[in-house]
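Asks: Contents of entry12.tsv (TSV, C-alpha atoms) are given next:
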```
chain	number	residue	atom	x	y	z
K	1	MET	CA	-6.52	249.91	92.89
K	2	PRO	CA	-6.49	252.67	90.26
K	3	VAL	CA	-3.42	254.22	88.71
K	4	ARG	CA	-3.43	257.69	90.25
K	5	THR	CA	-3.07	260.83	88.17
K	6	PRO	CA	-1.67	263.99	89.82
K	7	LYS	CA	-4.31	266.61	90.56
K	8	GLN	CA	-2.25	269.25	88.81
K	9	ASN	CA	-1.91	269.33	85.03
K	10	VAL	CA	1.58	267.89	84.50
K	11	GLU	CA	1.86	269.63	81.13
K	12	GLU	CA	1.85	272.93	83.01
K	13	ARG	CA	3.68	272.08	86.23
K	14	PRO	CA	5.71	269.26	87.73
K	15	PHE	CA	4.51	267.13	90.60
K	16	ILE	CA	8.07	266.82	91.96
K	17	VAL	CA	11.37	268.65	91.46
K	18	ILE	CA	14.62	266.92	92.40
K	19	TRP	CA	17.62	269.20	92.91
K	20	GLU	CA	21.10	267.71	93.02
K	21	ALA	CA	22.60	270.21	95.46
K	22	THR	CA	26.12	268.82	95.06
K	23	ARG	CA	27.98	265.87	93.64
K	24	ALA	CA	30.37	265.81	96.57
K	25	CYS	CA	30.10	262.59	98.56
K	26	PRO	CA	32.63	260.51	100.52
K	27	LEU	CA	30.99	257.23	99.47
K	28	ALA	CA	31.86	255.15	96.40
K	29	CYS	CA	28.48	253.57	95.64
K	30	LEU	CA	28.57	250.96	92.90
K	31	HIS	CA	25.39	252.23	91.24
K	32	CYS	CA	25.99	256.01	91.46
K	33	ARG	CA	24.50	257.71	88.41
K	34	ALA	CA	26.52	260.87	89.17
K	35	SER	CA	29.90	259.19	89.71
K	36	ALA	CA	30.14	261.38	92.81
K	37	ARG	CA	33.51	262.60	94.04
K	38	PRO	CA	34.91	263.80	97.39
K	39	GLY	CA	35.17	267.52	96.60
K	40	ARG	CA	32.54	270.08	95.66
K	41	ASP	CA	32.31	271.55	92.17
K	42	ARG	CA	33.04	275.28	92.01
K	43	ALA	CA	30.30	275.57	89.39
K	44	GLU	CA	27.56	274.43	91.81
K	45	LEU	CA	24.60	276.74	92.26
K	46	ASN	CA	25.53	279.00	95.17
K	47	THR	CA	23.19	279.87	98.02
K	48	GLU	CA	21.48	282.74	96.22
K	49	GLN	CA	21.19	280.86	92.94
K	50	ALA	CA	19.71	277.89	94.78
K	51	THR	CA	17.25	280.22	96.50
K	52	ALA	CA	16.31	281.64	93.10
K	53	LEU	CA	15.70	278.09	91.84
K	54	MET	CA	13.36	277.39	94.74
K	55	ALA	CA	11.54	280.64	94.05
K	56	GLN	CA	11.02	279.47	90.47
K	57	VAL	CA	9.59	276.20	91.77
K	58	ALA	CA	7.23	278.12	94.05
K	59	GLU	CA	6.04	280.15	91.05
K	60	PHE	CA	4.34	277.06	89.65
K	61	GLY	CA	1.64	277.79	92.24
K	62	ARG	CA	-0.33	275.79	94.75
K	63	PRO	CA	-0.14	273.05	95.61
K	64	ALA	CA	3.60	273.56	95.29
K	65	PRO	CA	5.63	270.78	93.70
K	66	LEU	CA	7.46	268.51	96.10
K	67	PHE	CA	11.05	269.73	96.35
K	68	VAL	CA	13.74	267.16	97.15
K	69	ILE	CA	17.35	268.14	97.88
K	70	THR	CA	19.63	265.27	96.91
K	71	GLY	CA	23.22	264.71	95.86
K	72	GLY	CA	25.92	263.46	96.14
K	73	ASP	CA	25.53	264.10	99.81
K	74	PRO	CA	23.59	267.31	100.57
K	75	PHE	CA	25.30	267.54	103.97
K	76	GLN	CA	28.51	268.40	102.13
K	77	ARG	CA	26.96	271.85	101.63
K	78	PRO	CA	27.36	274.05	104.70
K	79	ASP	CA	24.28	276.06	103.68
K	80	LEU	CA	21.93	273.04	103.65
K	81	GLU	CA	19.98	274.10	106.74
K	82	LEU	CA	19.61	277.64	105.38
K	83	LEU	CA	18.37	276.33	102.04
K	84	VAL	CA	15.77	274.11	103.71
K	85	ARG	CA	14.56	277.11	105.71
K	86	ARG	CA	14.35	279.33	102.62
K	87	GLY	CA	12.49	276.71	100.63
K	88	THR	CA	10.04	276.25	103.47
K	89	GLU	CA	9.49	280.01	103.71
K	90	LEU	CA	8.69	280.01	99.99
K	91	GLY	CA	5.94	277.47	100.66
K	92	LEU	CA	7.70	274.39	99.30
K	93	PRO	CA	7.33	270.96	100.91
K	94	VAL	CA	11.06	270.28	101.29
K	95	SER	CA	12.64	266.84	101.74
K	96	VAL	CA	16.29	265.86	101.90
K	97	SER	CA	18.03	262.73	100.66
K	98	PRO	CA	21.33	262.44	102.59
K	99	SER	CA	24.02	259.80	102.35
K	100	GLY	CA	24.98	257.49	105.19
K	101	THR	CA	28.12	259.33	106.25
K	102	PRO	CA	29.42	260.68	109.59
K	103	THR	CA	27.60	263.95	108.82
K	104	LEU	CA	24.27	262.12	109.19
K	105	THR	CA	23.83	262.74	112.90
K	106	ARG	CA	20.84	263.26	115.14
K	107	PRO	CA	21.70	266.99	115.69
K	108	ALA	CA	21.99	267.47	111.92
K	109	LEU	CA	18.62	265.82	111.35
K	110	ALA	CA	17.08	267.86	114.17
K	111	ALA	CA	18.37	271.04	112.52
K	112	LEU	CA	16.76	270.08	109.21
K	113	HIS	CA	13.48	269.37	110.97
K	114	ALA	CA	13.61	272.70	112.78
K	115	ALA	CA	14.30	274.44	109.45
K	116	GLY	CA	11.12	272.93	108.00
K	117	ALA	CA	12.13	269.70	106.30
K	118	ARG	CA	9.19	267.32	106.17
K	119	ALA	CA	10.94	264.10	105.26
K	120	VAL	CA	14.23	262.37	104.56
K	121	SER	CA	14.94	259.48	102.25
K	122	LEU	CA	17.62	257.01	103.26
K	123	SER	CA	19.19	254.31	101.12
K	124	LEU	CA	19.45	250.64	102.10
K	125	ASP	CA	20.54	248.27	99.38
K	126	ALA	CA	21.06	245.14	101.48
K	127	ALA	CA	19.61	243.82	104.71
K	128	THR	CA	23.01	243.32	106.35
K	129	ALA	CA	25.93	245.60	107.14
K	130	ALA	CA	28.32	243.57	104.98
K	131	GLY	CA	26.04	243.67	101.95
K	132	HIS	CA	25.10	247.33	102.20
K	133	ASP	CA	28.60	248.58	103.01
K	134	GLY	CA	29.99	246.57	100.13
K	135	PHE	CA	27.48	248.19	97.78
K	136	ARG	CA	28.28	251.66	99.13
K	137	GLY	CA	32.05	251.15	99.06
K	138	VAL	CA	32.73	252.32	102.63
K	139	PRO	CA	32.50	250.39	105.93
K	140	GLY	CA	30.12	251.59	108.63
K	141	VAL	CA	27.48	253.06	106.29
K	142	TRP	CA	24.79	250.55	107.29
K	143	ASP	CA	25.16	251.33	110.98
K	144	LEU	CA	25.00	255.09	110.33
K	145	THR	CA	21.93	254.71	108.13
K	146	MET	CA	20.05	252.50	110.56
K	147	GLN	CA	20.74	254.93	113.41
K	148	ALA	CA	19.63	257.84	111.23
K	149	TRP	CA	16.40	255.96	110.46
K	150	ARG	CA	15.64	255.65	114.16
K	151	ASP	CA	16.66	259.25	114.89
K	152	ALA	CA	14.64	260.74	112.03
K	153	ALA	CA	11.50	258.88	113.04
K	154	ASP	CA	11.98	259.88	116.68
K	155	LEU	CA	12.37	263.54	115.68
K	156	GLY	CA	9.12	263.50	113.72
K	157	LEU	CA	10.56	263.40	110.21
K	158	LYS	CA	8.83	261.17	107.70
K	159	VAL	CA	11.20	258.52	106.36
K	160	GLN	CA	11.34	257.01	102.88
K	161	ILE	CA	13.64	254.06	102.30
K	162	ASN	CA	15.26	253.63	98.88
K	163	SER	CA	16.70	250.31	97.69
K	164	THR	CA	18.31	249.45	94.36
K	165	ALA	CA	17.38	246.16	92.71
K	166	THR	CA	20.17	244.50	90.74
K	167	SER	CA	21.03	240.88	90.01
K	168	ASP	CA	23.27	240.94	93.08
K	169	THR	CA	20.84	242.60	95.52
K	170	VAL	CA	17.49	241.18	94.45
K	171	HIS	CA	17.40	238.31	96.96
K	172	ASP	CA	17.70	240.79	99.83
K	173	LEU	CA	14.41	242.49	98.92
K	174	PRO	CA	12.17	240.40	101.23
K	175	ASP	CA	14.46	241.00	104.22
K	176	LEU	CA	14.60	244.71	103.38
K	177	ALA	CA	10.81	244.76	103.20
K	178	ALA	CA	10.66	243.19	106.65
K	179	GLN	CA	12.92	245.95	107.98
K	180	VAL	CA	10.66	248.59	106.44
K	181	ARG	CA	7.69	246.97	108.16
K	182	ASP	CA	9.45	246.61	111.51
K	183	TYR	CA	11.11	250.03	111.69
K	184	GLY	CA	8.29	251.91	109.98
K	185	ALA	CA	8.54	254.12	106.91
K	186	LEU	CA	6.24	256.39	104.95
K	187	LEU	CA	7.22	254.60	101.74
K	188	TRP	CA	9.64	252.03	100.33
K	189	SER	CA	10.92	252.98	96.89
K	190	VAL	CA	12.59	250.20	94.92
K	191	PHE	CA	14.92	251.57	92.26
K	192	PHE	CA	15.48	249.41	89.19
K	193	LEU	CA	19.03	249.89	87.99
K	194	VAL	CA	19.60	252.18	85.02
K	195	PRO	CA	23.06	251.41	83.60
K	196	THR	CA	24.48	254.89	83.68
K	197	GLY	CA	27.39	256.39	85.62
K	198	ARG	CA	29.07	253.77	87.81
K	199	GLY	CA	25.97	251.61	87.41
K	200	GLN	CA	27.17	250.52	83.98
K	201	ALA	CA	29.43	247.99	85.71
K	202	LEU	CA	26.56	246.32	87.59
K	203	ARG	CA	24.32	243.48	86.43
K	204	SER	CA	20.74	244.55	85.78
K	205	LEU	CA	17.76	242.27	86.13
K	206	ASP	CA	16.62	240.94	82.79
K	207	ALA	CA	13.06	241.50	81.57
K	208	ALA	CA	11.67	238.22	82.93
K	209	GLN	CA	13.30	238.78	86.32
K	210	THR	CA	11.96	242.32	86.41
K	211	GLU	CA	8.45	240.99	85.78
K	212	ASP	CA	8.87	238.58	88.68
K	213	VAL	CA	10.06	241.33	91.04
K	214	LEU	CA	7.29	243.74	90.06
K	215	ASN	CA	4.71	241.10	90.87
K	216	VAL	CA	6.37	240.44	94.22
K	217	LEU	CA	6.18	244.17	94.97
K	218	TYR	CA	2.49	244.08	94.12
K	219	ASP	CA	2.08	241.26	96.65
K	220	LEU	CA	3.88	243.38	99.26
K	221	GLY	CA	1.38	246.19	98.78
K	222	GLU	CA	-1.02	244.56	101.22
K	223	THR	CA	1.56	244.97	104.01
K	224	ILE	CA	3.70	248.05	103.32
K	225	ALA	CA	3.56	251.12	101.10
K	226	VAL	CA	5.78	250.42	98.11
K	227	LYS	CA	6.59	252.21	94.87
K	228	THR	CA	9.05	251.75	92.05
K	229	THR	CA	11.55	254.11	90.47
K	230	GLU	CA	12.50	253.62	86.79
K	231	ALA	CA	10.11	250.67	86.51
K	232	HIS	CA	7.03	252.36	85.12
K	233	HIS	CA	5.60	249.03	84.01
K	234	PHE	CA	4.73	248.44	87.66
K	235	ARG	CA	1.61	250.44	86.81
K	236	ARG	CA	0.76	247.91	84.10
K	237	VAL	CA	1.38	245.03	86.53
K	238	CYS	CA	-0.92	246.61	89.13
K	239	LEU	CA	-3.72	246.95	86.61
K	240	GLN	CA	-3.32	243.37	85.43
K	241	ARG	CA	-3.20	241.98	88.94
K	242	GLU	CA	-6.34	243.88	89.96
K	243	VAL	CA	-8.28	242.34	87.08
K	244	LEU	CA	-6.96	238.85	87.76
K	245	ALA	CA	-7.74	239.15	91.47
K	246	ARG	CA	-11.33	240.13	90.71
K	247	ARG	CA	-11.70	237.13	88.45
K	248	GLY	CA	-9.98	234.75	90.87
K	249	ASP	CA	-7.48	233.73	88.17
K	250	ASP	CA	-4.02	232.28	88.76
K	251	HIS	CA	-1.69	235.22	88.13
K	252	VAL	CA	1.44	233.04	88.23
K	253	ARG	CA	0.22	230.96	85.30
K	254	LEU	CA	-1.49	233.68	83.28
K	255	LEU	CA	1.40	236.14	83.60
K	256	GLY	CA	4.05	233.49	83.09
K	257	LEU	CA	5.94	234.28	86.27
K	258	GLY	CA	9.16	232.40	86.88
K	259	ARG	CA	11.41	230.88	89.50
K	260	LEU	CA	12.60	234.21	90.92
K	261	TYR	CA	9.01	235.18	91.69
K	262	GLN	CA	8.45	231.97	93.62
K	263	GLN	CA	11.75	232.28	95.49
K	264	LEU	CA	11.00	235.82	96.59
K	265	ARG	CA	7.38	235.03	97.35
K	266	ASP	CA	8.45	232.13	99.57
K	267	LYS	CA	10.72	234.51	101.49
K	268	LEU	CA	7.87	237.01	101.86
K	269	ASP	CA	5.72	234.26	103.31
K	270	ALA	CA	8.51	233.23	105.69
K	271	CYS	CA	8.84	236.85	106.86
K	272	ARG	CA	5.04	237.02	107.33
K	273	LEU	CA	4.77	239.81	104.80
K	274	THR	CA	1.79	238.29	103.01
K	275	GLY	CA	-1.52	236.71	103.89
K	276	THR	CA	-2.93	239.39	106.16
K	277	VAL	CA	-4.34	242.48	104.51
K	278	ASN	CA	-3.79	245.31	107.00
K	279	ARG	CA	-3.62	248.36	104.77
K	280	VAL	CA	-5.13	249.84	101.63
K	281	ARG	CA	-2.78	249.35	98.70
K	282	ARG	CA	-0.93	252.46	97.56
K	283	ALA	CA	-2.00	253.08	93.98
K	284	PRO	CA	0.95	253.93	91.71
K	285	LEU	CA	1.17	257.53	90.52
K	286	ARG	CA	1.30	258.34	86.83
K	287	VAL	CA	4.47	260.46	86.99
K	288	SER	CA	7.59	259.87	84.90
K	289	ALA	CA	10.58	261.65	83.40
K	290	GLY	CA	9.50	265.03	82.05
K	291	ASN	CA	5.89	264.12	82.77
K	292	GLY	CA	5.39	265.49	86.28
K	293	PHE	CA	9.05	264.94	87.14
K	294	VAL	CA	12.02	267.25	86.61
K	295	PHE	CA	15.65	267.02	87.73
K	296	VAL	CA	17.99	269.99	88.20
K	297	SER	CA	21.71	269.27	88.44
K	298	HIS	CA	24.22	270.86	90.80
K	299	ARG	CA	25.17	273.23	87.97
K	300	GLY	CA	21.58	274.16	87.17
K	301	ASP	CA	21.18	271.94	84.11
K	302	VAL	CA	17.60	270.69	83.70
K	303	HIS	CA	16.91	267.07	82.76
K	304	PRO	CA	13.71	265.01	82.56
K	305	SER	CA	15.32	262.56	85.01
K	306	GLY	CA	18.57	262.27	86.92
K	307	PHE	CA	19.14	259.00	85.07
K	308	LEU	CA	18.63	260.59	81.64
K	309	PRO	CA	21.70	262.72	80.86
K	310	VAL	CA	20.04	264.83	78.15
K	311	MET	CA	19.78	268.53	78.96
K	312	ALA	CA	16.89	270.82	78.06
K	313	GLY	CA	18.33	274.08	79.43
K	314	ASN	CA	19.90	275.70	82.46
K	315	VAL	CA	18.10	277.68	85.18
K	316	ARG	CA	20.84	280.32	85.07
K	317	GLN	CA	19.77	281.24	81.54
K	318	ARG	CA	16.11	280.24	81.31
K	319	SER	CA	13.36	279.84	83.87
K	320	LEU	CA	12.44	276.38	85.06
K	321	ARG	CA	8.84	277.04	84.04
K	322	ASP	CA	9.84	277.79	80.45
K	323	ILE	CA	12.09	274.74	80.27
K	324	TYR	CA	9.49	272.39	81.74
K	325	CYS	CA	6.51	273.73	79.81
K	326	GLU	CA	8.01	274.83	76.50
K	327	SER	CA	11.29	273.07	75.72
K	328	ALA	CA	11.26	270.61	72.83
K	329	LEU	CA	12.63	267.83	75.01
K	330	PHE	CA	10.08	268.13	77.80
K	331	THR	CA	7.08	268.51	75.51
K	332	ALA	CA	8.23	265.43	73.60
K	333	MET	CA	8.56	263.46	76.85
K	334	ARG	CA	4.83	264.00	77.40
K	335	ASP	CA	3.84	262.70	73.95
K	336	PRO	CA	3.13	258.93	73.96
K	337	ASP	CA	3.05	258.97	70.16
K	338	ARG	CA	6.84	259.31	70.25
K	339	LEU	CA	7.27	255.84	71.73
K	340	GLY	CA	8.71	253.20	69.47
K	341	GLY	CA	8.83	249.41	69.32
K	342	ARG	CA	6.59	247.48	71.69
K	343	CYS	CA	6.08	250.56	73.88
K	344	GLY	CA	4.54	252.43	70.96
K	345	ALA	CA	2.17	249.57	70.20
K	346	CYS	CA	1.28	248.77	73.81
K	347	GLU	CA	-2.25	249.29	75.12
K	348	PHE	CA	-0.73	250.32	78.47
K	349	ARG	CA	1.46	253.04	76.99
K	350	THR	CA	-0.41	255.98	78.55
K	351	ALA	CA	-0.34	254.36	81.99
K	352	CYS	CA	3.27	253.20	81.65
K	353	GLY	CA	5.41	254.59	78.84
K	354	GLY	CA	8.49	252.66	79.94
K	355	SER	CA	11.71	254.06	81.37
K	356	ARG	CA	13.04	256.54	78.86
K	357	ALA	CA	16.27	256.69	80.88
K	358	ARG	CA	16.85	252.94	80.56
K	359	ALA	CA	15.95	252.97	76.87
K	360	TYR	CA	18.51	255.72	76.33
K	361	ALA	CA	21.19	254.05	78.45
K	362	VAL	CA	20.82	250.70	76.68
K	363	THR	CA	20.08	251.75	73.08
K	364	GLY	CA	21.10	255.42	72.83
K	365	GLU	CA	17.54	256.25	71.76
K	366	ILE	CA	15.13	257.95	74.15
K	367	TRP	CA	12.00	256.61	72.45
K	368	ALA	CA	13.08	253.00	72.08
K	369	GLU	CA	11.05	250.26	73.74
K	370	GLU	CA	11.66	249.54	77.42
K	371	PRO	CA	14.52	246.97	77.53
K	372	SER	CA	13.43	245.50	80.87
K	373	CYS	CA	9.80	244.82	79.91
K	374	SER	CA	8.76	241.37	78.65
K	375	TYR	CA	5.10	242.22	77.94
K	376	ARG	CA	3.81	241.70	74.42
K	377	PRO	CA	1.13	244.23	73.36
K	378	ASP	CA	-2.46	243.01	73.35
K	379	SER	CA	-1.56	239.73	75.07
K	380	PHE	CA	-3.52	240.39	78.26
K	381	PRO	CA	-6.66	238.22	78.05
K	382	TYR	CA	-9.13	240.67	79.65
K	383	PRO	CA	-8.58	244.09	78.07
K	384	THR	CA	-12.17	245.27	78.49
K	385	GLU	CA	-11.93	244.90	82.27
K	386	LEU	CA	-8.95	247.22	82.68
K	387	SER	CA	-11.18	250.27	83.10
K	388	LEU	CA	-12.67	248.61	86.17
K	389	ALA	CA	-9.16	248.36	87.61
K	390	GLY	CA	-8.63	252.08	87.21
K	391	GLU	CA	-6.95	252.48	83.79
K	392	ARG	CA	-8.06	255.84	82.49
```
Can you give me the file's structure in the form of structure tokens?

Replies:
Amino acid sequence: MPVRTPKQNVEERPFIVIWEATRACPLACLHCRASARPGRDRAELNTEQATALMAQVAEFGRPAPLFVITGGDPFQRPDLELLVRRGTELGLPVSVSPSGTPTLTRPALAALHAAGARAVSLSLDAATAAGHDGFRGVPGVWDLTMQAWRDAADLGLKVQINSTATSDTVHDLPDLAAQVRDYGALLWSVFFLVPTGRGQALRSLDAAQTEDVLNVLYDLGETIAVKTTEAHHFRRVCLQREVLARRGDDHVRLLGLGRLYQQLRDKLDACRLTGTVNRVRRAPLRVSAGNGFVFVSHRGDVHPSGFLPVMAGNVRQRSLRDIYCESALFTAMRDPDRLGGRCGACEFRTACGGSRARAYAVTGEIWAEEPSCSYRPDSFPYPTELSLAGER
């Protein structure tokens, strides 16, 4: 299973653009990076400014970057359907990431589909209503989200499910994976908590626990399509596991996996999520903050990631192309020689690079080593075989 590289040159154009259409949201999610609030900000990009942003994205050329409208809750904008239609007319593959609120109805999803939206991403952070609603801060969110999942699939929208892994939610991951298998989804994206915004009050997984979870997600790849967000070392884990599988070696022993791995693996087995290979593994994509990925805030501020609150410019004053291609911040994000600590010395640094957002949130330094990675450089016993696993 190789680590995939985008076909486009990510120094010249992003693979994906995330636009935070608003920070307005009636939920009170414990992990919210934006510390969303009920009302809309008067300084949000208006309809015409948002259309101009999408035109700038389209100017990157074909194939157009993926364009995701997120929030807050995008349905808090009355012009959402119009914006989806305009983005589609500009040739953008538009997706929407709504919140599980009473606005998330079948007619609303049907309108997005009719306007050209290709997909929606929905968040599930626990496998039960009590767990998910507690995480989201409002009762009834789980029921609304599950119904929206069924409605979106029935309408022909592709569905991505997003789940946040913390110390308090990690044991729900196997049951969530079973729901993804049973209900069907294009992709399951597991977000690894970055302690920013409200998320600073939550308990993150430590480095050893993160290693255990990443290996469990690799195991799941034989059953469902899974990716990680803000856990770039999943790419390193995939490469290691491919080599060990070819050699028939015991990955638990050689990688030093712990009790959490075995607990989660036992639950996967109980849910019949392992043991039968029925799909080709989804190879992880070499895209990260500022390196194929760009985030535009509700006010037009441009960041390498929504979890990295360092601004490189604003689309009201400078084109997105100039900011992405020429700004000092974005060009630095694409330079692996900037990495410090173990990340700078690591043989996997071009495939991984670590979460710059987490490094910044934990240490205040963008280039610091990845706090949630336990790997020691040059400790993998079969370095010469990595090229066979797709490291390039």

Asks: If you count only C-alpha atoms, which residues fall within 12 Å of Ala52 (chain K), apart from same-chain ones fewer than 5 positions away, as a PyMOL selection string?

Replies: chain K and resi 45-47+57-59+83+86-87+90+300+315-316+318-320

Asks: Residues of region 89-190 of chain K that approach region 275-289 of chain K to 12 Å or less, counting only C-alpha atoms: could you list each one with the shortest pair of atoms and its distance in Å to one decimal, rows by chain and increasing residue number, as CSV?

Replies:
```
residue,atom,partner,partner_atom,distance
K:Arg181,CA,K:Asn278,CA,11.7
K:Leu186,CA,K:Arg282,CA,11.0
K:Leu187,CA,K:Arg282,CA,9.4
K:Trp188,CA,K:Arg282,CA,10.9
K:Ser189,CA,K:Pro284,CA,11.3
```

Asks: Have a look at K:Thr169, K:Gln76, K:Thr70, K:Thr51 and name the one nearest to Leu122 (chain K); count all atoms listed in the file.

Replies: K:Thr70

Asks: Kindly indicate which residue among K:Arg321, K:Ser305, K:Ala328, K:Gln200 lies nearest to Val362 (chain K), using only C-alpha atoms for the distances.

Replies: K:Gln200

Asks: With only C-alpha atoms as the atoms that count, which of K:Pro381, K:Gly344, K:Pro195, K:Pro371 lies nearest to Pro309 (chain K)?

Replies: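 Using only C-alpha atoms, Pro309 (chain K) sits closest to K:Pro195.
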
Asks: List every protein, DNA or RNA residue that has at least one atom no more than 9 Å from (9.3, 271.3, 97.7) in the file's coordinates, counting all atoms listed in the file, and write the result as a compact mmCIF listing (two decimals) with C-alpha atoms, keeping the file's coordinate frame.

Replies:
```txt
# COMPACT_ATOMS: atom_id res chain seq x y z
CA ILE K 16 8.07 266.82 91.96
CA VAL K 17 11.37 268.65 91.46
CA ILE K 18 14.62 266.92 92.40
CA MET K 54 13.36 277.39 94.74
CA VAL K 57 9.59 276.20 91.77
CA ALA K 58 7.23 278.12 94.05
CA ALA K 64 3.60 273.56 95.29
CA PRO K 65 5.63 270.78 93.70
CA LEU K 66 7.46 268.51 96.10
CA PHE K 67 11.05 269.73 96.35
CA VAL K 68 13.74 267.16 97.15
CA ILE K 69 17.35 268.14 97.88
CA GLY K 87 12.49 276.71 100.63
CA THR K 88 10.04 276.25 103.47
CA GLY K 91 5.94 277.47 100.66
CA LEU K 92 7.70 274.39 99.30
CA PRO K 93 7.33 270.96 100.91
CA VAL K 94 11.06 270.28 101.29
CA SER K 95 12.64 266.84 101.74
```

Asks: Rounded to one decimal, what separation in Å do you get between CA of Ala110 (chain K) and CA of Val84 (chain K)?

Replies: 12.3 Å

Asks: Would you work out the distance separating CA of His303 (chain K) from CA of Gly290 (chain K), expressed in Å to one decimal?

Replies: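 Straight-line distance from CA of His303 (chain K) to CA of Gly290 (chain K) works out to 7.7 Å.
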
Asks: For Thr145 (chain K), list every protein, DNA or RNA residue within 12 Å, evaluated using all atoms listed in the file, and leave out those in the same chain fewer than 5 positions away; present the list as a VMD selection string.

Replies: chain K and resid 97 to 106 120 to 129 132 to 133 136 139 to 140 150 to 152 159 161 to 162

Asks: Just how far from CA of Leu273 (chain K) is CA of Leu244 (chain K), in Å to one decimal?

Replies: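 Rounded to one decimal, the two atoms are 20.7 Å apart.
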
Asks: Would you mind telling me which residue in K:Phe380, K:Leu214, K:Leu264, K:Ala225 lies nearest to Asp172 (chain K) when using only C-alpha atoms?

Replies: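 The shortest atom-to-atom distance to Asp172 (chain K) comes from K:Leu264.
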
Asks: Which is closest to Gln262 (chain K) among K:Glu385, K:Glu230, K:Glu242, K:Asp219, if we use only C-alpha atoms?

Replies: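 When distances to Gln262 (chain K) are compared using only C-alpha atoms, the smallest one comes from K:Asp219.
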
Asks: Identify, on the basis of only C-alpha atoms, every residue whose closest approach to Leu257 (chain K) does not exceed 12 Å; exclude the query and any residue fewer than 5 positions from it along the same chain; express the result as an MDAnalysis selection string.

Replies: chainID K and resid 207:216 237 250:252 262:265 374:375

Asks: Determine the nearest neighbour of Gly353 (chain K) from the options K:His232, K:Arg241, K:Ala312, K:Cys29, counting all atoms listed in the file.

Replies: K:His232

Asks: Residues within 12 Å of Ala332 (chain K), please, as a list of chain:residue names. Count all atoms listed in the file; anything in the same chain fewer than 2 positions from it doesn't count.

Replies: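 Final neighbour list, sorted by chain and number: K:Glu11, K:Ala289, K:Gly290, K:Asn291, K:Pro304, K:Ala312, K:Tyr324, K:Cys325, K:Glu326, K:Ser327, K:Ala328, K:Leu329, K:Phe330, K:Arg334, K:Asp335, K:Pro336, K:Asp337, K:Arg338, K:Leu339, K:Arg356, K:Ile366, K:Trp367.
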
Asks: Please return, as a PDB file with C-alpha atoms, in the frame of the given file, all polymer residues that have at least one atom within 6 Å of the point (11.2, 252.8, 106.8); use all atoms listed in the file and the file's own coordinate frame.

Replies:
```pdb
ATOM      1  CA  VAL K 159      11.200 258.520 106.360  1.00  0.00           C
ATOM      2  CA  GLN K 160      11.340 257.010 102.880  1.00  0.00           C
ATOM      3  CA  ILE K 161      13.640 254.060 102.300  1.00  0.00           C
ATOM      4  CA  VAL K 180      10.660 248.590 106.440  1.00  0.00           C
ATOM      5  CA  TYR K 183      11.110 250.030 111.690  1.00  0.00           C
ATOM      6  CA  GLY K 184       8.290 251.910 109.980  1.00  0.00           C
ATOM      7  CA  ALA K 185       8.540 254.120 106.910  1.00  0.00           C
TER       8      ALA K 185
END
```

Asks: Using all atoms listed in the file, which residues sit within 6 Å of Gly292 (chain K) once same-chain residues fewer than 6 positions away are excluded, as a list in words?

Replies: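 After dropping sequence-adjacent residues, the list is Val10, Pro14 and Phe15 of chain K.
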